[in-house]
>>> print(open('my_file_26.csv').read())   # CSV, C-alpha atoms and all ligand atoms
chain,number,residue,atom,x,y,z
A,1,MET,CA,189.7,-13.8,49.0
A,2,SER,CA,191.8,-15.8,51.5
A,3,PHE,CA,191.9,-19.6,51.1
A,4,ARG,CA,190.2,-19.9,54.5
A,5,ARG,CA,187.3,-17.6,53.3
A,6,LEU,CA,187.3,-19.4,50.0
A,7,GLY,CA,187.0,-22.7,51.8
A,8,LEU,CA,184.2,-21.5,53.9
A,9,ALA,CA,182.5,-20.2,50.8
A,10,LEU,CA,182.8,-23.6,49.1
A,11,ILE,CA,181.4,-25.3,52.2
A,12,PHE,CA,178.6,-22.8,52.2
A,13,PHE,CA,177.7,-23.5,48.6
A,14,PHE,CA,178.0,-27.2,49.2
A,15,LEU,CA,175.4,-26.9,52.0
A,16,LEU,CA,173.3,-24.7,49.7
A,17,ALA,CA,173.3,-27.4,47.1
A,18,LEU,CA,172.5,-30.0,49.7
A,19,PHE,CA,169.5,-28.2,51.2
A,20,GLY,CA,168.3,-26.2,48.2
A,21,SER,CA,167.9,-23.0,50.2
A,22,TRP,CA,170.2,-20.3,51.4
A,23,ALA,CA,169.6,-19.5,55.0
A,24,PHE,CA,171.7,-17.1,57.0
A,25,GLY,CA,172.2,-18.0,60.7
A,26,ALA,CA,169.1,-16.9,62.5
A,27,ASP,CA,171.1,-15.2,65.2
A,28,GLU,CA,173.0,-13.1,62.7
A,29,GLN,CA,171.6,-9.9,61.2
A,30,GLY,CA,171.8,-11.2,57.6
A,31,ASP,CA,175.0,-9.2,57.0
A,32,PHE,CA,176.7,-10.3,53.8
A,33,ALA,CA,179.1,-9.2,51.2
A,34,CYS,CA,178.5,-10.1,47.5
A,35,VAL,CA,181.8,-10.0,45.8
A,36,GLY,CA,182.9,-10.0,42.2
A,37,GLY,CA,179.5,-9.4,40.4
A,38,LYS,CA,178.3,-6.8,38.0
A,39,VAL,CA,176.0,-4.3,39.6
A,40,TYR,CA,173.5,-2.1,37.7
A,41,PRO,CA,172.9,0.5,40.4
A,42,SER,CA,169.9,2.0,38.5
A,43,PRO,CA,168.3,1.7,35.0
A,44,THR,CA,170.4,4.7,33.8
A,45,ASP,CA,173.8,4.3,35.6
A,46,ALA,CA,176.8,2.6,34.0
A,47,PRO,CA,177.4,-0.9,35.6
A,48,ILE,CA,179.9,-1.4,38.4
A,49,GLU,CA,182.1,-4.3,37.2
A,50,ASN,CA,183.7,-6.7,39.7
A,51,ALA,CA,181.8,-5.0,42.5
A,52,THR,CA,181.7,-5.5,46.2
A,53,LEU,CA,178.3,-4.9,47.8
A,54,LEU,CA,177.9,-4.8,51.5
A,55,VAL,CA,174.6,-5.4,53.3
A,56,HIS,CA,174.0,-4.7,57.0
A,57,ASP,CA,170.8,-4.8,59.0
A,58,GLY,CA,168.6,-4.9,55.9
A,59,LYS,CA,170.3,-1.9,54.2
A,60,ILE,CA,172.9,-1.5,51.5
A,61,VAL,CA,175.9,-0.1,53.3
A,62,ALA,CA,178.2,0.3,50.3
A,63,VAL,CA,178.7,-0.6,46.6
A,64,ALA,CA,182.1,-0.1,45.0
A,65,PRO,CA,184.3,-1.7,42.3
A,66,GLY,CA,186.9,-4.2,43.2
A,67,TYR,CA,187.8,-5.4,46.7
A,68,ARG,CA,188.5,-2.0,48.3
A,69,LEU,CA,185.7,-2.3,50.8
A,70,LYS,CA,187.4,-5.4,52.4
A,71,ASN,CA,188.2,-3.7,55.7
A,72,LYS,CA,184.6,-2.4,56.0
A,73,PHE,CA,183.1,-5.9,56.2
A,74,PRO,CA,181.0,-6.4,59.3
A,75,LYS,CA,182.5,-9.2,61.4
A,76,SER,CA,179.5,-11.4,61.0
A,77,ALA,CA,179.2,-10.9,57.2
A,78,VAL,CA,179.0,-14.0,55.1
A,79,THR,CA,180.9,-13.6,51.9
A,80,ILE,CA,179.1,-14.7,48.7
A,81,ASP,CA,180.9,-15.3,45.5
A,82,CYS,CA,179.0,-13.2,42.9
A,83,LYS,CA,181.4,-13.7,40.1
A,84,GLY,CA,179.5,-14.1,36.8
A,85,LYS,CA,176.4,-12.8,38.4
A,86,VAL,CA,174.5,-9.6,37.7
A,87,ILE,CA,172.9,-7.6,40.6
A,88,VAL,CA,169.9,-5.3,40.2
A,89,ALA,CA,167.3,-3.9,42.5
A,90,GLY,CA,164.4,-6.1,43.7
A,91,PHE,CA,161.6,-6.4,41.2
A,92,TRP,CA,158.1,-5.1,41.5
A,93,ASN,CA,155.2,-6.9,40.0
A,94,SER,CA,152.5,-4.2,40.0
A,95,HIS,CA,149.7,-6.6,38.9
A,96,VAL,CA,149.1,-9.9,40.7
A,97,HIS,CA,146.3,-11.6,42.5
A,98,PHE,CA,146.4,-13.9,45.6
A,99,GLU,CA,143.3,-15.6,44.1
A,100,THR,CA,143.7,-18.8,42.0
A,101,GLY,CA,145.0,-21.5,44.3
A,102,TRP,CA,145.4,-19.1,47.4
A,103,GLN,CA,142.4,-20.1,49.4
A,104,ASP,CA,142.5,-20.6,53.2
A,105,ALA,CA,145.8,-18.8,53.5
A,106,ALA,CA,145.5,-18.5,57.3
A,107,ASN,CA,145.5,-22.3,57.8
A,108,ILE,CA,147.9,-23.8,55.2
A,109,THR,CA,151.3,-24.8,56.5
A,110,ALA,CA,154.2,-22.3,56.3
A,111,PRO,CA,156.3,-24.6,54.0
A,112,ALA,CA,153.3,-24.9,51.6
A,113,LEU,CA,152.7,-21.1,51.6
A,114,GLU,CA,156.4,-20.4,51.1
A,115,ALA,CA,156.6,-22.9,48.2
A,116,HIS,CA,153.6,-21.2,46.5
A,117,LEU,CA,155.1,-17.7,47.0
A,118,GLN,CA,158.4,-18.9,45.5
A,119,GLU,CA,156.6,-20.6,42.5
A,120,MET,CA,154.5,-17.5,41.6
A,121,LEU,CA,156.7,-14.6,42.8
A,122,THR,CA,160.0,-14.8,44.5
A,123,ARG,CA,161.8,-17.2,42.1
A,124,TRP,CA,161.1,-14.5,39.5
A,125,GLY,CA,162.8,-11.8,41.6
A,126,PHE,CA,159.7,-10.1,43.0
A,127,THR,CA,160.3,-8.3,46.3
A,128,THR,CA,157.2,-6.1,46.2
A,129,VAL,CA,153.9,-6.9,44.6
A,130,TRP,CA,150.6,-5.2,44.1
A,131,ASP,CA,147.6,-7.4,44.6
A,132,LEU,CA,144.9,-5.9,42.4
A,133,GLY,CA,142.0,-7.8,43.8
A,134,SER,CA,141.3,-10.9,45.8
A,135,LEU,CA,139.5,-11.8,49.0
A,136,PRO,CA,141.0,-9.0,51.3
A,137,SER,CA,140.8,-11.1,54.5
A,138,ASN,CA,142.6,-14.0,52.9
A,139,THR,CA,145.4,-11.8,51.4
A,140,LEU,CA,145.7,-9.8,54.6
A,141,SER,CA,146.5,-13.1,56.4
A,142,ILE,CA,149.2,-13.9,53.8
A,143,ARG,CA,150.7,-10.5,54.3
A,144,GLN,CA,150.5,-10.8,58.1
A,145,ARG,CA,152.3,-14.2,58.0
A,146,ILE,CA,155.1,-12.7,55.9
A,147,GLU,CA,155.5,-9.6,57.9
A,148,ALA,CA,155.6,-11.6,61.2
A,149,GLY,CA,158.6,-13.4,59.8
A,150,GLU,CA,156.8,-16.8,59.7
A,151,VAL,CA,157.1,-17.1,56.0
A,152,PRO,CA,159.7,-15.6,53.7
A,153,GLY,CA,158.0,-13.6,51.0
A,154,PRO,CA,157.6,-10.3,49.1
A,155,GLN,CA,156.1,-7.1,50.4
A,156,ILE,CA,152.4,-7.2,49.5
A,157,LEU,CA,150.5,-4.0,48.7
A,158,MET,CA,146.7,-4.4,48.2
A,159,ALA,CA,144.1,-2.7,46.2
A,160,GLY,CA,140.3,-3.2,46.9
A,161,ASP,CA,138.1,-4.0,44.0
A,162,ILE,CA,134.9,-2.1,42.9
A,163,PHE,CA,132.8,-3.3,40.1
A,164,PRO,CA,130.1,-1.5,38.1
A,165,LYS,CA,126.4,-2.3,38.9
A,166,ASN,CA,125.5,-5.6,37.1
A,167,GLY,CA,129.1,-5.9,36.0
A,168,HIS,CA,130.1,-9.3,37.3
A,169,PRO,CA,132.8,-10.4,34.7
A,170,VAL,CA,132.1,-13.7,33.1
A,171,TYR,CA,135.6,-15.1,34.0
A,172,LEU,CA,134.9,-14.8,37.7
A,173,PRO,CA,132.8,-17.6,39.3
A,174,PRO,CA,129.1,-16.5,39.5
A,175,GLU,CA,128.9,-17.5,43.2
A,176,MET,CA,131.7,-15.1,44.1
A,177,LYS,CA,130.3,-12.0,45.8
A,178,LEU,CA,131.6,-8.9,44.2
A,179,PRO,CA,131.3,-5.3,45.5
A,180,GLU,CA,129.3,-3.4,42.9
A,181,ALA,CA,128.8,0.4,43.1
A,182,ALA,CA,125.6,1.7,41.6
A,183,THR,CA,126.1,5.3,42.7
A,184,PRO,CA,129.0,7.7,43.5
A,185,GLN,CA,128.1,7.5,47.2
A,186,GLN,CA,128.4,3.8,47.2
A,187,ALA,CA,131.8,3.9,45.5
A,188,ALA,CA,133.0,6.5,48.0
A,189,GLU,CA,131.8,4.4,50.9
A,190,MET,CA,133.4,1.2,49.6
A,191,SER,CA,136.7,3.1,49.0
A,192,LYS,CA,136.6,4.4,52.6
A,193,GLN,CA,136.0,0.9,54.0
A,194,TYR,CA,138.9,-0.6,52.0
A,195,LEU,CA,141.3,2.1,53.2
A,196,GLN,CA,140.1,1.6,56.8
A,197,MET,CA,140.9,-2.1,56.5
A,198,GLY,CA,144.5,-1.2,55.8
A,199,LEU,CA,144.5,-1.6,52.0
A,200,ASP,CA,146.9,0.5,50.0
A,201,GLY,CA,144.8,1.5,47.0
A,202,ILE,CA,141.6,1.0,45.0
A,203,LYS,CA,141.0,-0.9,41.8
A,204,LEU,CA,138.0,0.0,39.6
A,205,PHE,CA,136.5,-2.2,36.9
A,206,THR,CA,135.6,0.7,34.6
A,207,GLY,CA,134.9,-2.0,32.0
A,208,ALA,CA,133.6,-5.5,33.0
A,209,PHE,CA,133.8,-8.2,30.4
A,210,MET,CA,130.5,-10.0,30.0
A,211,GLY,CA,131.4,-12.5,27.3
A,212,SER,CA,128.9,-12.4,24.4
A,213,LYS,CA,127.0,-9.6,26.0
A,214,PRO,CA,128.2,-6.0,25.8
A,215,THR,CA,130.9,-4.8,28.3
A,216,VAL,CA,129.5,-3.0,31.3
A,217,ASN,CA,131.2,0.3,31.9
A,218,MET,CA,131.4,2.3,35.1
A,219,ASP,CA,130.2,5.9,34.8
A,220,THR,CA,132.8,8.7,35.2
A,221,ASP,CA,131.1,10.2,38.3
A,222,ILE,CA,131.4,6.9,40.1
A,223,VAL,CA,135.0,6.6,39.1
A,224,LYS,CA,135.6,10.2,40.3
A,225,ALA,CA,134.0,9.5,43.7
A,226,ALA,CA,136.3,6.6,44.4
A,227,VAL,CA,139.3,8.5,43.1
A,228,ASP,CA,138.5,11.5,45.4
A,229,VAL,CA,138.4,9.3,48.5
A,230,ALA,CA,141.7,7.5,47.6
A,231,HIS,CA,143.6,10.7,46.6
A,232,GLY,CA,142.3,12.3,49.8
A,233,GLU,CA,144.5,9.7,51.6
A,234,ALA,CA,147.3,9.8,49.0
A,235,LYS,CA,146.4,6.3,47.8
A,236,PRO,CA,146.6,5.3,44.1
A,237,VAL,CA,143.7,4.1,41.9
A,238,PHE,CA,144.1,1.3,39.3
A,239,ALA,CA,141.6,0.6,36.6
A,240,HIS,CA,140.8,-2.5,34.6
A,241,THR,CA,139.3,-0.7,31.6
A,242,GLN,CA,138.5,-3.5,29.1
A,243,ASN,CA,137.6,-1.2,26.2
A,244,ARG,CA,137.8,2.3,25.0
A,245,VAL,CA,134.8,3.6,27.0
A,246,GLY,CA,136.3,2.1,30.1
A,247,THR,CA,139.6,3.7,29.4
A,248,ASP,CA,138.1,7.1,28.7
A,249,ASN,CA,135.9,7.0,31.8
A,250,ALA,CA,139.0,6.0,33.9
A,251,LEU,CA,141.0,8.9,32.5
A,252,ALA,CA,138.2,11.4,32.9
A,253,GLY,CA,137.7,10.3,36.5
A,254,GLY,CA,141.4,10.7,37.3
A,255,VAL,CA,142.6,7.1,37.7
A,256,ASP,CA,146.3,6.8,38.2
A,257,ILE,CA,147.2,3.4,36.7
A,258,LEU,CA,145.8,1.5,33.7
A,259,ALA,CA,146.2,-2.1,34.8
A,260,HIS,CA,146.2,-3.5,31.2
A,261,THR,CA,146.7,-2.5,27.6
A,262,ILE,CA,143.4,-2.7,25.6
A,263,PRO,CA,144.4,-4.9,22.6
A,264,THR,CA,140.8,-5.5,21.4
A,265,GLU,CA,140.6,-1.8,20.6
A,266,GLY,CA,143.8,-2.1,18.5
A,267,SER,CA,145.4,1.2,19.8
A,268,PHE,CA,145.0,4.1,22.1
A,269,THR,CA,143.8,7.3,20.4
A,270,PRO,CA,146.1,10.3,20.2
A,271,GLU,CA,143.7,12.1,22.6
A,272,GLU,CA,144.0,9.2,25.1
A,273,LEU,CA,147.8,9.2,24.9
A,274,ALA,CA,147.9,12.9,25.3
A,275,ARG,CA,145.6,12.8,28.4
A,276,MET,CA,147.6,9.9,29.9
A,277,LYS,CA,150.8,11.9,29.5
A,278,THR,CA,149.3,15.1,31.0
A,279,GLN,CA,147.8,13.2,34.0
A,280,HIS,CA,151.0,11.1,34.5
A,281,THR,CA,149.0,7.9,34.1
A,282,ALA,CA,151.1,4.8,34.4
A,283,LEU,CA,150.5,1.8,32.1
A,284,ILE,CA,150.9,-1.9,33.0
A,285,PRO,CA,151.1,-3.9,29.7
A,286,THR,CA,150.2,-7.5,30.9
A,287,LEU,CA,151.1,-8.7,27.4
A,288,THR,CA,151.4,-12.4,28.4
A,289,LEU,CA,147.8,-12.3,29.6
A,290,TRP,CA,146.7,-11.9,25.9
A,291,THR,CA,148.1,-15.4,25.1
A,292,THR,CA,145.6,-16.9,27.6
A,293,VAL,CA,142.4,-15.3,26.4
A,294,SER,CA,141.9,-17.3,23.2
A,295,GLN,CA,142.7,-20.8,21.8
A,296,ASN,CA,143.2,-19.4,18.4
A,297,GLN,CA,146.9,-18.7,17.7
A,298,GLN,CA,146.1,-16.1,15.1
A,299,VAL,CA,143.8,-14.2,17.5
A,300,ILE,CA,146.5,-14.4,20.2
A,301,ASN,CA,149.2,-13.1,17.8
A,302,GLN,CA,147.0,-10.1,16.9
A,303,LEU,CA,146.2,-9.3,20.5
A,304,VAL,CA,149.8,-9.5,21.6
A,305,GLN,CA,150.8,-7.4,18.6
A,306,ALA,CA,148.2,-4.7,19.5
A,307,GLY,CA,149.3,-4.7,23.1
A,308,VAL,CA,152.9,-4.3,22.1
A,309,SER,CA,152.0,-1.3,19.8
A,310,GLU,CA,150.0,0.3,22.6
A,311,LEU,CA,152.9,-0.1,24.9
A,312,LYS,CA,155.3,1.3,22.3
A,313,ALA,CA,153.0,4.3,21.6
A,314,TYR,CA,152.8,5.3,25.2
A,315,PHE,CA,156.4,4.5,26.1
A,316,SER,CA,157.7,6.5,23.1
A,317,GLU,CA,155.7,9.6,24.4
A,318,GLY,CA,157.6,9.3,27.7
A,319,GLY,CA,154.8,7.6,29.5
A,320,THR,CA,155.5,5.7,32.8
A,321,ILE,CA,155.5,1.9,32.3
A,322,LEU,CA,155.1,-0.5,35.3
A,323,PHE,CA,155.9,-4.2,34.9
A,324,GLY,CA,152.9,-6.5,35.7
A,325,THR,CA,151.6,-9.9,34.6
A,326,ASP,CA,148.3,-10.7,36.3
A,327,VAL,CA,149.7,-13.9,37.8
A,328,GLY,CA,147.4,-15.4,40.4
A,329,PHE,CA,144.6,-14.8,38.1
A,330,THR,CA,146.5,-16.7,35.4
A,331,THR,CA,148.8,-19.5,36.2
A,332,LYS,CA,151.5,-18.5,33.7
A,333,TYR,CA,154.0,-17.6,36.4
A,334,ASP,CA,157.2,-17.7,34.1
A,335,THR,CA,158.1,-14.1,33.3
A,336,ASP,CA,160.3,-14.9,30.3
A,337,GLN,CA,157.6,-14.4,27.7
A,338,GLU,CA,156.6,-11.0,29.2
A,339,PHE,CA,160.2,-9.8,28.8
A,340,GLU,CA,160.4,-11.0,25.3
A,341,PHE,CA,157.1,-9.2,24.4
A,342,MET,CA,158.2,-6.0,26.2
A,343,GLY,CA,161.5,-6.2,24.4
A,344,ARG,CA,159.7,-5.6,21.2
A,345,ALA,CA,158.7,-2.1,22.4
A,346,MET,CA,161.5,-1.1,24.8
A,347,GLY,CA,165.1,-1.5,25.6
A,348,TRP,CA,166.4,-3.6,28.4
A,349,ARG,CA,167.2,-0.6,30.6
A,350,ASP,CA,163.6,0.6,30.1
A,351,ILE,CA,162.3,-2.8,31.2
A,352,LEU,CA,164.6,-2.7,34.2
A,353,ALA,CA,163.0,0.7,35.0
A,354,SER,CA,159.5,-0.8,34.8
A,355,LEU,CA,160.6,-3.5,37.3
A,356,THR,CA,162.5,-1.2,39.8
A,357,ALA,CA,162.9,2.6,39.7
A,358,ASN,CA,159.5,3.4,38.0
A,359,PRO,CA,157.3,1.7,40.6
A,360,SER,CA,159.5,2.9,43.5
A,361,ASP,CA,159.1,6.4,42.2
A,362,TYR,CA,155.5,6.2,41.3
A,363,PHE,CA,154.4,4.6,44.6
A,364,LYS,CA,156.8,6.9,46.6
A,365,ALA,CA,158.9,4.0,48.0
A,366,SER,CA,162.0,6.2,48.2
A,367,SER,CA,164.1,3.5,49.9
A,368,LYS,CA,163.6,1.0,47.0
A,369,GLY,CA,164.3,0.7,43.3
A,370,ARG,CA,168.1,1.3,43.2
A,371,VAL,CA,171.2,-0.5,44.4
A,372,GLU,CA,172.8,2.4,46.3
A,373,LYS,CA,174.1,3.1,49.7
A,374,ASP,CA,171.4,3.5,52.4
A,375,MET,CA,168.7,1.8,50.2
A,376,ASP,CA,166.8,-1.2,51.3
A,377,ALA,CA,168.7,-4.4,50.5
A,378,ASP,CA,166.0,-5.6,48.1
A,379,LEU,CA,168.1,-7.3,45.4
A,380,VAL,CA,167.9,-9.7,42.6
A,381,ILE,CA,171.0,-11.7,41.7
A,382,LEU,CA,170.8,-12.9,38.1
A,383,ASP,CA,172.7,-15.7,36.5
A,384,ALA,CA,173.1,-13.8,33.2
A,385,ASP,CA,173.2,-10.2,31.9
A,386,PRO,CA,169.8,-8.7,30.7
A,387,ALA,CA,171.8,-6.3,28.6
A,388,ILE,CA,172.6,-9.3,26.3
A,389,ASP,CA,169.1,-10.7,26.3
A,390,VAL,CA,166.1,-9.4,28.1
A,391,GLY,CA,165.1,-13.0,28.8
A,392,ASN,CA,167.9,-13.0,31.4
A,393,PHE,CA,165.7,-10.9,33.7
A,394,ALA,CA,163.9,-14.3,34.3
A,395,LYS,CA,167.1,-16.1,35.2
A,396,VAL,CA,167.1,-15.5,38.9
A,397,ALA,CA,169.7,-17.1,41.2
A,398,TYR,CA,168.6,-15.3,44.4
A,399,THR,CA,166.0,-12.9,45.6
A,400,ILE,CA,166.8,-10.8,48.6
A,401,ARG,CA,164.3,-8.7,50.5
A,402,GLY,CA,165.6,-6.4,53.3
A,403,GLY,CA,168.8,-8.3,53.4
A,404,LYS,CA,167.1,-11.7,53.8
A,405,VAL,CA,167.2,-14.3,51.1
A,406,ILE,CA,163.6,-15.1,50.2
A,407,TYR,CA,164.5,-17.3,47.2
A,408,GLY,CA,167.7,-19.2,46.4
A,409,LYS,CA,168.0,-21.6,43.5
B,501,ZN,ZN,144.2,-8.7,37.2
>>> encode(input="my_file_26.csv", output="structure tokens", more="lines below")
Ligand SMILES: [Zn+2]
Amino acid sequence: MSFRRLGLALIFFFLLALFGSWAFGADEQGDFACVGGKVYPSPTDAPIENATLLVHDGKIVAVAPGYRLKNKFPKSAVTIDCKGKVIVAGFWNSHVHFETGWQDAANITAPALEAHLQEMLTRWGFTTVWDLGSLPSNTLSIRQRIEAGEVPGPQILMAGDIFPKNGHPVYLPPEMKLPEAATPQQAAEMSKQYLQMGLDGIKLFTGAFMGSKPTVNMDTDIVKAAVDVAHGEAKPVFAHTQNRVGTDNALAGGVDILAHTIPTEGSFTPEELARMKTQHTALIPTLTLWTTVSQNQQVINQLVQAGVSELKAYFSEGGTILFGTDVGFTTKYDTDQEFEFMGRAMGWRDILASLTANPSDYFKASSKGRVEKDMDADLVILDADPAIDVGNFAKVAYTIRGGKVIYGK
């Protein structure tokens, strides 16, 4: 790095410290070179040490060790000193909700919306999220404001909720109007409507938690009707299963993703694990969620332990794991604990896969999930190496989506 460039970089970082955000010139295309960091191109590749990574027009142009790409820098590129940093692909959170605290999204100010997006998602590295249930019109307006460039934020994919008849979960406000399907025809109709609205998938409550009353399950033929409509349009179906019956009905109906582990059941049965494997079902652990469902520490420990063993059982059979935390239903936004819990069942590279390559592959987002030439410049720049401690996945310095910084410390 020349002294002139170094000087510019220092001024740049001074301005960054001053304003607390990292904005590229609006008239530039967001071209930049991140120099001197350690890049993990994928969950399986060896790291590239002291790497230079070039981004042009929202795409990764090149990644290579050392400074050999120097003459390839676009003229407008800003050079970023990435020494001591670790660069991985942008994270997916495959289970969120724009629900708790997200009301009136069309009318709140852009800075307020951006601040909330940062607090819940982008400061934790998320560049793509799956909303598994909220008021669709409200979440669509958040998505629209992000995609129009008004507010920096993650890509939002949305699943429309369907509940079983008389299955209004106790933890949702009673006045909230929920779509309940009593028959396969109703489930099919609701699924069609959601997909017509531009939603990206369906979420079925195959088990609805009723507190002291028994869980209300969704019949398999209703599950199947919704799945048929979604799969007819190549869209995925998630299930909140709640208990064993809900899990078995979801699997029998051909659901793609289990949105939670089922810790109150203690474990998946060998038959469930075998069926999940055969059907290529994906599992979202949501282990931190189990710390919020009781006040009793002993109960919490048991639930987390059961969730970890369920995760471990499916993972060790080669099952697909997708990272997800249920934030936006819960207000525990910090991802550190989820990494610690997942680390009890999987290695750091497997956790990286659940955050990047697994969801990109599973949801067929072929330009995402890896730090390689021609891929989208969806990146997380970490302050420390997750290979040393999985908690370092939560130490995010910058989150970049399509070459634009959507969070900077
Ligand atoms: Zn949820």
>>> residues_near_ligand(input="my_file_26.csv", ligand="ligand ZN 501 (chain B)", cutoff="9 Å", atoms="only C-alpha atoms and all ligand atoms", output="PDB file with C-alpha atoms, in the coordinates of the input")
ATOM      1  CA  HIS A  95     149.700  -6.600  38.900  1.00  0.00           C
ATOM      2  CA  VAL A  96     149.100  -9.900  40.700  1.00  0.00           C
ATOM      3  CA  HIS A  97     146.300 -11.600  42.500  1.00  0.00           C
ATOM      4  CA  ASP A 131     147.600  -7.400  44.600  1.00  0.00           C
ATOM      5  CA  LEU A 132     144.900  -5.900  42.400  1.00  0.00           C
ATOM      6  CA  GLY A 133     142.000  -7.800  43.800  1.00  0.00           C
ATOM      7  CA  HIS A 240     140.800  -2.500  34.600  1.00  0.00           C
ATOM      8  CA  ALA A 259     146.200  -2.100  34.800  1.00  0.00           C
ATOM      9  CA  HIS A 260     146.200  -3.500  31.200  1.00  0.00           C
ATOM     10  CA  THR A 286     150.200  -7.500  30.900  1.00  0.00           C
ATOM     11  CA  THR A 325     151.600  -9.900  34.600  1.00  0.00           C
ATOM     12  CA  ASP A 326     148.300 -10.700  36.300  1.00  0.00           C
ATOM     13  CA  VAL A 327     149.700 -13.900  37.800  1.00  0.00           C
ATOM     14  CA  GLY A 328     147.400 -15.400  40.400  1.00  0.00           C
ATOM     15  CA  PHE A 329     144.600 -14.800  38.100  1.00  0.00           C
ATOM     16  CA  THR A 330     146.500 -16.700  35.400  1.00  0.00           C
TER      17      THR A 330
END
>>> residues_around(input="my_file_26.csv", residues="region 50-66 of chain A", least_positions_apart="3", cutoff="7 Å", atoms="only C-alpha atoms", output="PyMOL selection string")
chain A and resi 29-39+69+372-377+402-403
>>> write_last_selection(input="my_file_26.csv", atoms="C-alpha atoms", output="mmCIF file, in the coordinates of the input")
data_model
loop_
_atom_site.group_PDB
_atom_site.id
_atom_site.type_symbol
_atom_site.label_atom_id
_atom_site.label_comp_id
_atom_site.auth_asym_id
_atom_site.auth_seq_id
_atom_site.Cartn_x
_atom_site.Cartn_y
_atom_site.Cartn_z
ATOM 1 C CA GLN A 29 171.600 -9.900 61.200
ATOM 2 C CA GLY A 30 171.800 -11.200 57.600
ATOM 3 C CA ASP A 31 175.000 -9.200 57.000
ATOM 4 C CA PHE A 32 176.700 -10.300 53.800
ATOM 5 C CA ALA A 33 179.100 -9.200 51.200
ATOM 6 C CA CYS A 34 178.500 -10.100 47.500
ATOM 7 C CA VAL A 35 181.800 -10.000 45.800
ATOM 8 C CA GLY A 36 182.900 -10.000 42.200
ATOM 9 C CA GLY A 37 179.500 -9.400 40.400
ATOM 10 C CA LYS A 38 178.300 -6.800 38.000
ATOM 11 C CA VAL A 39 176.000 -4.300 39.600
ATOM 12 C CA LEU A 69 185.700 -2.300 50.800
ATOM 13 C CA GLU A 372 172.800 2.400 46.300
ATOM 14 C CA LYS A 373 174.100 3.100 49.700
ATOM 15 C CA ASP A 374 171.400 3.500 52.400
ATOM 16 C CA MET A 375 168.700 1.800 50.200
ATOM 17 C CA ASP A 376 166.800 -1.200 51.300
ATOM 18 C CA ALA A 377 168.700 -4.400 50.500
ATOM 19 C CA GLY A 402 165.600 -6.400 53.300
ATOM 20 C CA GLY A 403 168.800 -8.300 53.400
#
>>> atom_distance(input="my_file_26.csv", atom1="CA of Val78 (chain A)", atom2="CA of Thr128 (chain A)")
24.8 Å
>>> closest_atom_pairs(input="my_file_26.csv", of="region 77-104 of chain A", to="region 301-323 of chain A", cutoff="8 Å", atoms="all atoms listed in the file", output="JSON lines")
{"residue": "A:Trp92", "atom": "CA", "partner": "A:Phe323", "partner_atom": "CA", "distance": 7.0}
{"residue": "A:Asn93", "atom": "CA", "partner": "A:Phe323", "partner_atom": "CA", "distance": 5.8}
{"residue": "A:Ser94", "atom": "CA", "partner": "A:Phe323", "partner_atom": "CA", "distance": 6.1}
{"residue": "A:His95", "atom": "CA", "partner": "A:Phe323", "partner_atom": "CA", "distance": 7.8}
>>> residues_around(input="my_file_26.csv", residues="Thr281 (chain A)", least_positions_apart="2", cutoff="10 Å", atoms="all atoms listed in the file", output="count of residues only")
18
>>> atom_distance(input="my_file_26.csv", atom1="CA of Arg349 (chain A)", atom2="CA of Asn392 (chain A)")
12.4 Å
>>> closest_residue(input="my_file_26.csv", among="A:Lys364, A:Arg244, A:Lys85, A:His168", to="Pro386 (chain A)", atoms="all atoms listed in the file")
A:Lys85
>>> atom_distance(input="my_file_26.csv", atom1="CA of Leu355 (chain A)", atom2="CA of Leu140 (chain A)")
23.7 Å
>>> closest_residue(input="my_file_26.csv", among="A:Asn138, A:Asn166, A:Ser42, A:Gln185", to="Phe205 (chain A)", atoms="all atoms listed in the file")
A:Asn166
